[in-house]
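Next up, run-v2.txt (compact mmCIF, C-alpha atoms and all ligand atoms):
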```
# COMPACT_ATOMS: atom_id res chain seq x y z
CA MET Z 1 9.90 5.96 -26.92
CA ASN Z 2 8.73 4.18 -23.80
CA ASN Z 3 9.86 5.46 -20.46
CA ARG Z 4 11.23 2.98 -17.93
CA PRO Z 5 11.85 3.49 -14.21
CA ILE Z 6 15.30 2.77 -12.81
CA ALA Z 7 16.28 0.43 -9.96
CA LEU Z 8 19.76 0.23 -8.44
CA THR Z 9 21.32 -2.93 -7.05
CA ILE Z 10 24.24 -2.62 -4.64
CA ALA Z 11 25.57 -6.18 -4.42
CA GLY Z 12 28.26 -8.67 -5.40
CA SER Z 13 28.88 -10.32 -8.76
CA ASP Z 14 28.14 -14.08 -8.99
CA SER Z 15 30.18 -15.64 -11.80
CA GLY Z 16 27.70 -18.53 -11.92
CA GLY Z 17 24.92 -16.15 -12.93
CA GLY Z 18 22.52 -17.43 -10.26
CA ALA Z 19 22.59 -14.82 -7.50
CA GLY Z 20 23.89 -11.32 -6.80
CA ILE Z 21 24.13 -8.63 -9.47
CA GLN Z 22 23.46 -11.08 -12.29
CA ALA Z 23 20.20 -12.29 -10.74
CA ASP Z 24 19.10 -8.75 -9.90
CA LEU Z 25 19.62 -7.47 -13.45
CA LYS Z 26 17.65 -10.39 -14.92
CA VAL Z 27 14.77 -9.70 -12.55
CA PHE Z 28 14.79 -5.95 -13.25
CA HIS Z 29 14.79 -6.58 -17.01
CA SER Z 30 11.99 -9.15 -16.83
CA MET Z 31 9.90 -6.64 -14.86
CA LYS Z 32 10.56 -3.86 -17.40
CA VAL Z 33 12.70 -1.76 -15.10
CA HIS Z 34 16.13 -0.47 -16.14
CA GLY Z 35 18.78 -1.86 -13.80
CA VAL Z 36 21.88 0.05 -12.72
CA THR Z 37 24.61 -1.36 -10.49
CA ALA Z 38 27.16 -0.58 -7.79
CA ILE Z 39 29.24 -3.75 -7.49
CA THR Z 40 30.69 -4.36 -4.03
CA CYS Z 41 32.83 -7.38 -4.88
CA LEU Z 42 33.59 -10.14 -7.33
CA THR Z 43 32.82 -13.69 -6.31
CA ALA Z 44 34.26 -16.70 -8.13
CA GLN Z 45 31.23 -18.88 -7.64
CA ASN Z 46 29.14 -21.69 -9.11
CA PRO Z 47 25.94 -23.32 -7.81
CA ILE Z 48 27.95 -25.51 -5.42
CA THR Z 49 30.57 -23.25 -3.91
CA VAL Z 50 32.04 -19.79 -3.48
CA LYS Z 51 35.72 -20.28 -4.40
CA SER Z 52 37.01 -16.78 -3.87
CA VAL Z 53 35.88 -13.23 -3.09
CA GLN Z 54 37.59 -9.97 -3.98
CA SER Z 55 36.40 -6.61 -2.68
CA THR Z 56 35.87 -3.59 -4.91
CA GLU Z 57 38.17 -0.71 -3.91
CA PRO Z 58 36.10 1.58 -1.67
CA ALA Z 59 36.82 4.58 -3.93
CA MET Z 60 35.54 2.58 -6.92
CA LEU Z 61 32.30 1.73 -5.11
CA LYS Z 62 31.81 5.44 -4.38
CA ALA Z 63 32.55 6.29 -8.03
CA GLN Z 64 29.92 3.81 -9.23
CA LEU Z 65 27.30 5.37 -6.93
CA GLU Z 66 28.23 8.87 -8.10
CA ALA Z 67 28.15 7.92 -11.78
CA VAL Z 68 24.72 6.36 -11.37
CA PHE Z 69 23.18 9.17 -9.33
CA ASP Z 70 24.64 11.92 -11.57
CA GLU Z 71 22.66 10.86 -14.64
CA LEU Z 72 20.49 7.86 -13.82
CA ARG Z 73 19.01 8.63 -10.43
CA PRO Z 74 17.26 5.42 -9.32
CA ASP Z 75 13.61 5.29 -8.30
CA SER Z 76 14.40 2.48 -5.88
CA ILE Z 77 17.35 0.57 -4.44
CA LYS Z 78 18.00 -2.98 -3.33
CA SER Z 79 21.15 -3.94 -1.53
CA GLY Z 80 22.49 -7.44 -1.07
CA MET Z 81 26.05 -8.67 -0.44
CA LEU Z 82 28.00 -5.78 1.12
CA LEU Z 83 31.05 -7.76 2.27
CA SER Z 84 32.80 -5.39 4.69
CA ASP Z 85 32.70 -2.60 7.20
CA GLN Z 86 34.65 -0.34 4.87
CA LEU Z 87 32.19 -0.70 1.98
CA ILE Z 88 29.22 -0.18 4.29
CA HIS Z 89 30.68 3.15 5.43
CA VAL Z 90 31.16 4.23 1.80
CA ILE Z 91 27.50 3.50 1.05
CA ALA Z 92 26.27 5.16 4.26
CA ASP Z 93 28.38 8.31 3.67
CA PHE Z 94 27.13 8.56 0.09
CA MET Z 95 23.49 8.16 1.06
CA GLU Z 96 23.81 10.67 3.91
CA ASN Z 97 25.07 13.23 1.41
CA LEU Z 98 21.79 12.90 -0.51
CA GLN Z 99 20.25 14.79 2.43
CA GLY Z 100 17.01 12.97 2.86
CA GLN Z 101 16.55 12.29 -0.87
CA ILE Z 102 17.40 8.57 -0.61
CA PRO Z 103 15.28 6.45 -2.99
CA LEU Z 104 13.06 3.70 -1.51
CA TRP Z 105 15.51 1.10 -0.27
CA THR Z 106 14.96 -2.62 0.28
CA LEU Z 107 17.89 -3.94 2.30
CA ASP Z 108 18.50 -7.69 2.10
CA PRO Z 109 20.81 -8.38 5.07
CA VAL Z 110 22.85 -11.06 3.29
CA LEU Z 111 25.18 -12.79 5.77
CA VAL Z 112 26.00 -16.32 4.57
CA SER Z 113 25.39 -18.07 1.22
CA THR Z 114 23.25 -21.21 0.98
CA SER Z 115 26.53 -23.03 0.24
CA GLY Z 116 27.90 -21.81 3.60
CA ALA Z 117 30.29 -19.01 2.56
CA ARG Z 118 30.43 -15.84 4.66
CA LEU Z 119 29.20 -12.92 2.49
CA LEU Z 120 29.35 -10.23 5.18
CA GLU Z 121 32.29 -10.16 7.58
CA GLU Z 122 31.02 -10.70 11.12
CA SER Z 123 32.62 -7.46 12.24
CA ALA Z 124 30.56 -5.56 9.65
CA GLU Z 125 27.15 -6.58 11.02
CA LYS Z 126 27.22 -3.75 13.55
CA ALA Z 127 27.96 -1.14 10.85
CA MET Z 128 25.13 -2.48 8.69
CA VAL Z 129 22.66 -2.31 11.58
CA GLU Z 130 23.77 1.07 12.90
CA ARG Z 131 24.38 2.97 9.67
CA LEU Z 132 22.29 1.34 6.93
CA PHE Z 133 19.18 -0.03 8.67
CA PRO Z 134 17.94 3.49 9.58
CA MET Z 135 18.07 4.52 5.89
CA ALA Z 136 16.16 1.52 4.53
CA GLN Z 137 12.38 1.32 4.15
CA LEU Z 138 12.34 -2.46 4.32
CA ILE Z 139 14.70 -5.12 5.75
CA THR Z 140 14.23 -8.63 4.30
CA PRO Z 141 16.02 -11.24 6.44
CA ASN Z 142 15.46 -14.95 6.04
CA LEU Z 143 15.08 -17.02 9.20
CA ASP Z 144 18.83 -17.64 9.69
CA GLU Z 145 19.69 -14.00 9.12
CA ALA Z 146 16.99 -12.82 11.54
CA LEU Z 147 18.23 -15.18 14.24
CA GLU Z 148 21.87 -14.17 13.75
CA LEU Z 149 21.01 -10.46 13.88
CA LEU Z 150 18.91 -11.04 17.01
CA HIS Z 151 21.80 -13.05 18.50
CA ARG Z 152 19.65 -16.02 19.35
CA LYS Z 153 18.63 -19.52 18.33
CA LEU Z 154 15.26 -20.77 17.19
CA ASP Z 155 13.02 -22.15 19.90
CA ALA Z 156 11.02 -24.46 17.64
CA ASP Z 157 8.34 -25.18 20.29
CA HIS Z 158 7.54 -21.57 21.09
CA ASP Z 159 8.65 -19.30 18.25
CA SER Z 160 6.22 -18.31 15.55
CA LEU Z 161 6.94 -16.44 12.32
CA GLU Z 162 4.69 -13.59 13.45
CA ALA Z 163 6.29 -13.22 16.90
CA LEU Z 164 9.81 -13.37 15.48
CA THR Z 165 8.94 -10.69 12.92
CA GLN Z 166 7.61 -8.45 15.69
CA GLU Z 167 10.71 -9.11 17.79
CA PHE Z 168 12.91 -8.07 14.85
CA TYR Z 169 10.91 -4.87 14.46
CA GLU Z 170 11.08 -4.10 18.19
CA ARG Z 171 14.86 -4.55 18.16
CA PHE Z 172 15.69 -2.54 15.03
CA GLN Z 173 12.65 -0.25 14.69
CA ARG Z 174 12.51 -0.78 10.93
CA PRO Z 175 9.77 -2.30 8.74
CA VAL Z 176 10.67 -5.93 8.19
CA LEU Z 177 9.68 -8.74 5.86
CA LEU Z 178 10.80 -11.97 7.50
CA LYS Z 179 11.08 -14.75 4.89
CA GLY Z 180 10.04 -18.07 6.34
CA GLY Z 181 10.66 -20.02 3.13
CA HIS Z 182 13.11 -22.46 4.65
CA TRP Z 183 11.17 -22.87 7.86
CA ASN Z 184 9.06 -26.00 7.54
CA LEU Z 185 5.69 -24.18 7.78
CA LYS Z 186 2.33 -25.75 6.88
CA ASN Z 187 -1.07 -24.24 6.12
CA ASP Z 188 -4.37 -25.38 7.73
CA SER Z 189 -4.67 -28.21 5.19
CA GLY Z 190 -1.22 -29.52 6.19
CA ASP Z 191 0.49 -28.49 2.94
CA ARG Z 192 3.94 -26.97 3.16
CA VAL Z 193 4.01 -23.26 2.29
CA ALA Z 194 6.58 -20.52 1.77
CA ARG Z 195 5.23 -17.95 4.23
CA ASP Z 196 6.64 -14.49 4.87
CA CYS Z 197 5.56 -11.95 7.46
CA PHE Z 198 5.64 -8.14 7.21
CA TYR Z 199 5.47 -5.84 10.24
CA ASP Z 200 6.03 -2.08 10.50
CA GLY Z 201 4.97 -1.47 14.07
CA LYS Z 202 1.30 -1.09 13.12
CA ARG Z 203 0.33 -3.52 10.41
CA LEU Z 204 1.14 -7.21 10.30
CA GLU Z 205 0.65 -8.93 6.97
CA ILE Z 206 1.24 -12.50 5.83
CA PHE Z 207 2.32 -13.42 2.29
CA GLU Z 208 2.09 -17.03 1.30
CA SER Z 209 2.73 -19.23 -1.72
CA PRO Z 210 2.78 -23.00 -2.19
CA TRP Z 211 6.11 -24.68 -1.40
CA ILE Z 212 7.77 -25.98 -4.55
CA PRO Z 213 9.72 -29.13 -3.65
CA ASP Z 214 13.04 -30.40 -5.04
CA VAL Z 215 14.19 -27.22 -6.77
CA SER Z 216 17.41 -25.33 -6.10
CA THR Z 217 16.57 -21.89 -4.73
CA HIS Z 218 20.10 -20.46 -5.10
CA GLY Z 219 19.57 -16.77 -5.81
CA SER Z 220 15.93 -16.64 -4.71
CA GLY Z 221 16.65 -14.25 -1.83
CA CYS Z 222 18.50 -11.86 -4.14
CA SER Z 223 15.77 -12.11 -6.75
CA TYR Z 224 13.02 -11.47 -4.19
CA SER Z 225 14.47 -8.19 -2.94
CA ALA Z 226 15.24 -7.16 -6.53
CA ALA Z 227 11.62 -7.85 -7.49
CA ILE Z 228 10.34 -5.76 -4.56
CA ALA Z 229 12.60 -2.87 -5.62
CA ALA Z 230 11.46 -3.24 -9.24
CA ARG Z 231 7.78 -3.12 -8.28
CA GLN Z 232 8.43 -0.09 -6.09
CA ALA Z 233 10.17 1.64 -9.01
CA LEU Z 234 7.01 0.93 -11.01
CA GLY Z 235 4.94 2.71 -8.35
CA ASP Z 236 3.50 -0.12 -6.25
CA SER Z 237 2.70 0.51 -2.60
CA PHE Z 238 4.68 -1.60 -0.12
CA SER Z 239 2.05 -4.22 0.21
CA GLU Z 240 1.48 -4.48 -3.56
CA ALA Z 241 5.23 -4.58 -4.21
CA VAL Z 242 5.76 -7.51 -1.83
CA ARG Z 243 2.68 -9.39 -3.10
CA ASN Z 244 3.68 -8.96 -6.75
CA ALA Z 245 7.33 -9.80 -6.03
CA LYS Z 246 6.34 -12.94 -4.15
CA SER Z 247 4.23 -14.28 -6.99
CA HIS Z 248 7.05 -13.39 -9.42
CA ILE Z 249 9.56 -15.40 -7.34
CA ASN Z 250 7.12 -18.29 -7.08
CA ARG Z 251 6.87 -18.37 -10.91
CA MET Z 252 10.66 -18.08 -11.25
CA ILE Z 253 11.12 -21.17 -9.07
CA GLN Z 254 8.31 -23.07 -10.74
CA ASN Z 255 9.73 -22.36 -14.22
CA SER Z 256 13.36 -23.17 -13.32
CA TYR Z 257 15.44 -24.54 -16.18
CA GLN Z 258 18.32 -26.98 -16.43
CA ILE Z 259 21.93 -25.78 -16.89
CA ARG Z 260 24.44 -28.69 -17.09
CA ASN Z 261 23.99 -30.58 -13.79
CA HIS Z 262 22.19 -27.70 -12.08
CA SER Z 263 19.02 -25.71 -12.25
CA ALA Z 264 18.53 -21.97 -12.44
CA LEU Z 265 15.64 -19.73 -11.57
CA ASN Z 266 13.77 -18.35 -14.57
CA PRO Z 267 12.99 -14.64 -14.26
N1 LIG T 1 26.49 -14.59 -4.09
C1 LIG T 1 26.24 -13.29 -4.16
C2 LIG T 1 27.16 -12.42 -4.95
C3 LIG T 1 25.12 -12.78 -3.51
O1 LIG T 1 24.87 -11.48 -3.56
C4 LIG T 1 24.28 -13.66 -2.77
C5 LIG T 1 23.10 -13.19 -2.09
O2 LIG T 1 22.83 -12.05 -1.96
C6 LIG T 1 24.57 -14.99 -2.72
C7 LIG T 1 25.69 -15.42 -3.40
C8 LIG T 1 23.75 -15.94 -1.93
O3 LIG T 1 22.96 -16.69 -2.73
P1 LIG T 1 22.26 -17.99 -2.17
O4 LIG T 1 22.31 -17.94 -0.68
O5 LIG T 1 20.87 -17.89 -2.68
O6 LIG T 1 23.02 -19.14 -2.73
```
Would you write the structure of this file as structure tokens?
Amino acid sequence: MNNRPIALTIAGSDSGGGAGIQADLKVFHSMKVHGVTAITCLTAQNPITVKSVQSTEPAMLKAQLEAVFDELRPDSIKSGMLLSDQLIHVIADFMENLQGQIPLWTLDPVLVSTSGARLLEESAEKAMVERLFPMAQLITPNLDEALELLHRKLDADHDSLEALTQEFYERFQRPVLLKGGHWNLKNDSGDRVARDCFYDGKRLEIFESPWIPDVSTHGSGCSYSAAIAARQALGDSFSEAVRNAKSHINRMIQNSYQIRNHSALNP
């Protein structure tokens, strides 16, 4: 029998199947990694809107983490929608009890959905930064998330992706992959690109793929961090994991399929 590594997603359920837990499991499966889950909340959601959100009971979130770690200890973790202060403390307490044995953790600091719904209560940002950031090996904000966490606006004339990534690192002292996908960035030939920047205090690395126009990218952030965690579970170094995950996401967007009046990423 083949052996498969295990990746854990700590995130919310998306009833529309495009983002959250559902997206993460599809990505893990397509990358031949066994996915396990700790579900933070249910969202009643479709590609247009988040209609309602219900939190998991904190004790139930803890029980999911215990059940997973008792028998199916993950090789890597990705976290996404964490919803509240209370749930963040449950996760932090659980991980602290592992006494330094925390699996490689890619933390996607999900704040607001593309459709505009708040996915992390504003009051919980501080808890995420203070308790979870120090445990994660990689933080993966998009431009809006980075700016909100840095408490500032974009200065389009002076800011660069590289400088903003370094600023994020200086503030939080954690390795960061800043996703510039929705920033209108161009390469030397003038073509629009999806460019991301990694910085860990020593090494700065750029990851780039062609911009794919006119496709819904709902769930692409979730899928990206899931793909990084999957590649890490398979043994990739950081750099390899991000490079492989980025080309996987690019293919997922390129191969999107139609569902009723919407499109979905194809893992
Ligand atoms: N819904 C859930 C449950 C999520 O976990 C996330 C992202 O992590 C989203 C929605 C956001 O998806 P998007 O901003 O790509 O629409």
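Comparing Z:Asp214, Z:Glu66, Z:Glu205, Z:Glu130 by their smallest distance to Phe238 in chain Z, the closest is Z:Glu205 (using all atoms listed in the file).
If you measure from each of Z:Ala194, Z:Leu111, Z:Ile102, Z:Leu147 to ligand LIG 1 (chain T) using all atoms listed in the file, the closest one turns out to be Z:Leu111.
Counting only C-alpha atoms and all ligand atoms and comparing Z:Leu164, Z:Ile88, Z:Val112, Z:Ile6, the residue that lies closest to ligand LIG 1 (chain T) is Z:Val112.
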Find the spatial neighbours of Asp196 in chain Z, counting only C-alpha atoms, within a cut-off of 12 Å - ignore same-chain residues fewer than 5 positions away - and output them as a short mmCIF file (atom, residue, chain, number, x, y, z; two decimals) with C-alpha atoms, in the coordinates of the input.
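Wrote it out as selection_37.cif, contents follow:
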```
data_model
loop_
_atom_site.label_atom_id
_atom_site.label_comp_id
_atom_site.auth_asym_id
_atom_site.auth_seq_id
_atom_site.Cartn_x
_atom_site.Cartn_y
_atom_site.Cartn_z
CA THR Z 140 14.23 -8.63 4.30
CA PRO Z 141 16.02 -11.24 6.44
CA ASN Z 142 15.46 -14.95 6.04
CA LEU Z 143 15.08 -17.02 9.20
CA SER Z 160 6.22 -18.31 15.55
CA LEU Z 161 6.94 -16.44 12.32
CA GLU Z 162 4.69 -13.59 13.45
CA LEU Z 164 9.81 -13.37 15.48
CA THR Z 165 8.94 -10.69 12.92
CA VAL Z 176 10.67 -5.93 8.19
CA LEU Z 177 9.68 -8.74 5.86
CA LEU Z 178 10.80 -11.97 7.50
CA LYS Z 179 11.08 -14.75 4.89
CA GLY Z 180 10.04 -18.07 6.34
CA GLY Z 181 10.66 -20.02 3.13
CA HIS Z 182 13.11 -22.46 4.65
CA TRP Z 183 11.17 -22.87 7.86
CA LEU Z 185 5.69 -24.18 7.78
CA LEU Z 204 1.14 -7.21 10.30
CA GLU Z 205 0.65 -8.93 6.97
CA ILE Z 206 1.24 -12.50 5.83
CA PHE Z 207 2.32 -13.42 2.29
CA GLU Z 208 2.09 -17.03 1.30
CA SER Z 209 2.73 -19.23 -1.72
CA PRO Z 210 2.78 -23.00 -2.19
CA TRP Z 211 6.11 -24.68 -1.40
CA TYR Z 224 13.02 -11.47 -4.19
CA VAL Z 242 5.76 -7.51 -1.83
CA ARG Z 243 2.68 -9.39 -3.10
CA ALA Z 245 7.33 -9.80 -6.03
CA LYS Z 246 6.34 -12.94 -4.15
#
```
Taking only C-alpha atoms and all ligand atoms into account, list the residues no farther than 10 Å from ligand LIG 1 (chain T), as a PDB file with C-alpha atoms, keeping the file's coordinate frame.
```
ATOM      1  CA  THR Z   9      21.320  -2.930  -7.050  1.00  0.00           C
ATOM      2  CA  ILE Z  10      24.240  -2.620  -4.640  1.00  0.00           C
ATOM      3  CA  ALA Z  11      25.570  -6.180  -4.420  1.00  0.00           C
ATOM      4  CA  GLY Z  12      28.260  -8.670  -5.400  1.00  0.00           C
ATOM      5  CA  SER Z  13      28.880 -10.320  -8.760  1.00  0.00           C
ATOM      6  CA  ASP Z  14      28.140 -14.080  -8.990  1.00  0.00           C
ATOM      7  CA  SER Z  15      30.180 -15.640 -11.800  1.00  0.00           C
ATOM      8  CA  GLY Z  16      27.700 -18.530 -11.920  1.00  0.00           C
ATOM      9  CA  GLY Z  17      24.920 -16.150 -12.930  1.00  0.00           C
ATOM     10  CA  GLY Z  18      22.520 -17.430 -10.260  1.00  0.00           C
ATOM     11  CA  ALA Z  19      22.590 -14.820  -7.500  1.00  0.00           C
ATOM     12  CA  GLY Z  20      23.890 -11.320  -6.800  1.00  0.00           C
ATOM     13  CA  ILE Z  21      24.130  -8.630  -9.470  1.00  0.00           C
ATOM     14  CA  GLN Z  22      23.460 -11.080 -12.290  1.00  0.00           C
ATOM     15  CA  ALA Z  23      20.200 -12.290 -10.740  1.00  0.00           C
ATOM     16  CA  ASP Z  24      19.100  -8.750  -9.900  1.00  0.00           C
ATOM     17  CA  ILE Z  39      29.240  -3.750  -7.490  1.00  0.00           C
ATOM     18  CA  THR Z  40      30.690  -4.360  -4.030  1.00  0.00           C
ATOM     19  CA  CYS Z  41      32.830  -7.380  -4.880  1.00  0.00           C
ATOM     20  CA  LEU Z  42      33.590 -10.140  -7.330  1.00  0.00           C
ATOM     21  CA  THR Z  43      32.820 -13.690  -6.310  1.00  0.00           C
ATOM     22  CA  ALA Z  44      34.260 -16.700  -8.130  1.00  0.00           C
ATOM     23  CA  GLN Z  45      31.230 -18.880  -7.640  1.00  0.00           C
ATOM     24  CA  ASN Z  46      29.140 -21.690  -9.110  1.00  0.00           C
ATOM     25  CA  PRO Z  47      25.940 -23.320  -7.810  1.00  0.00           C
ATOM     26  CA  ILE Z  48      27.950 -25.510  -5.420  1.00  0.00           C
ATOM     27  CA  THR Z  49      30.570 -23.250  -3.910  1.00  0.00           C
ATOM     28  CA  VAL Z  50      32.040 -19.790  -3.480  1.00  0.00           C
ATOM     29  CA  VAL Z  53      35.880 -13.230  -3.090  1.00  0.00           C
ATOM     30  CA  SER Z  79      21.150  -3.940  -1.530  1.00  0.00           C
ATOM     31  CA  GLY Z  80      22.490  -7.440  -1.070  1.00  0.00           C
ATOM     32  CA  MET Z  81      26.050  -8.670  -0.440  1.00  0.00           C
ATOM     33  CA  LEU Z  82      28.000  -5.780   1.120  1.00  0.00           C
ATOM     34  CA  LEU Z  83      31.050  -7.760   2.270  1.00  0.00           C
ATOM     35  CA  ASP Z 108      18.500  -7.690   2.100  1.00  0.00           C
ATOM     36  CA  PRO Z 109      20.810  -8.380   5.070  1.00  0.00           C
ATOM     37  CA  VAL Z 110      22.850 -11.060   3.290  1.00  0.00           C
ATOM     38  CA  LEU Z 111      25.180 -12.790   5.770  1.00  0.00           C
ATOM     39  CA  VAL Z 112      26.000 -16.320   4.570  1.00  0.00           C
ATOM     40  CA  SER Z 113      25.390 -18.070   1.220  1.00  0.00           C
ATOM     41  CA  THR Z 114      23.250 -21.210   0.980  1.00  0.00           C
ATOM     42  CA  SER Z 115      26.530 -23.030   0.240  1.00  0.00           C
ATOM     43  CA  GLY Z 116      27.900 -21.810   3.600  1.00  0.00           C
ATOM     44  CA  ALA Z 117      30.290 -19.010   2.560  1.00  0.00           C
ATOM     45  CA  ARG Z 118      30.430 -15.840   4.660  1.00  0.00           C
ATOM     46  CA  LEU Z 119      29.200 -12.920   2.490  1.00  0.00           C
ATOM     47  CA  LEU Z 120      29.350 -10.230   5.180  1.00  0.00           C
ATOM     48  CA  SER Z 216      17.410 -25.330  -6.100  1.00  0.00           C
ATOM     49  CA  THR Z 217      16.570 -21.890  -4.730  1.00  0.00           C
ATOM     50  CA  HIS Z 218      20.100 -20.460  -5.100  1.00  0.00           C
ATOM     51  CA  GLY Z 219      19.570 -16.770  -5.810  1.00  0.00           C
ATOM     52  CA  SER Z 220      15.930 -16.640  -4.710  1.00  0.00           C
ATOM     53  CA  GLY Z 221      16.650 -14.250  -1.830  1.00  0.00           C
ATOM     54  CA  CYS Z 222      18.500 -11.860  -4.140  1.00  0.00           C
ATOM     55  CA  SER Z 223      15.770 -12.110  -6.750  1.00  0.00           C
ATOM     56  CA  SER Z 225      14.470  -8.190  -2.940  1.00  0.00           C
TER      57      SER Z 225
END
```
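Close contacts of Gly235 in chain Z, defined as residues with an atom at most 10 Å away when counting only C-alpha atoms, with chain neighbours fewer than 6 positions off set aside, comprise Pro5, Asp75, Ser76, Ala229 and Ala241 of chain Z.
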### Query
So which residues touch Gln258 in chain Z within 12 Å, counting all atoms listed in the file, skipping near sequence neighbours fewer than 6 positions away, as a VMD selection string?
chain Z and resid 215 to 216 264 to 266
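A straight line drawn from CA of Arg171 in chain Z to CA of Gln137 in chain Z is 15.4 Å long.
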### Query
Near Lys32 in chain Z, counting all atoms listed in the file, which residues have an atom at most 10 Å away, once you skip same-chain residues fewer than 5 positions from it, shown as number ranges by chain?
Z: 3-6, 26-27, 230-231, 234
### Task
One decimal, Å: what's the distance from CA of Arg131 in chain Z over to CA of His89 in chain Z, could you say?
7.6 Å
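If only C-alpha atoms are the atoms counted, then among Z:Ile259, Z:Ile228, Z:Leu132, Z:Leu154 the closest residue to Asn244 in chain Z is Z:Ile228.
Atom to atom, CA of Arg152 in chain Z and CA of Leu138 in chain Z stand 21.5 Å apart.
Take the candidates Z:Leu8, Z:Ala227, Z:Ile253, Z:Met128 and check each one against Arg73 in chain Z using only C-alpha atoms; the shortest distance goes to Z:Leu8.
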### Task
Pull the neighbourhood of (23.9, 8.8, 1.6) for me: all residues within 12 Å in file coordinates, counting all atoms listed in the file, as number ranges by chain.
Z: 62, 65-66, 69, 88-103, 105, 131-132, 134-136
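Comparing the minimum interatomic distances between Val36 in chain Z and each of Z:Asn187, Z:Gln54, Z:Ser263, Z:Gln64, counting all atoms listed in the file, we find that Z:Gln64 sits nearest.
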### Task
Mind checking which residues fall within 7 Å of Gln254 in chain Z, counting all atoms listed in the file, ignoring those fewer than 3 positions away in the same chain, and posting them as a ChimeraX atom specification?
/Z:212,250-251
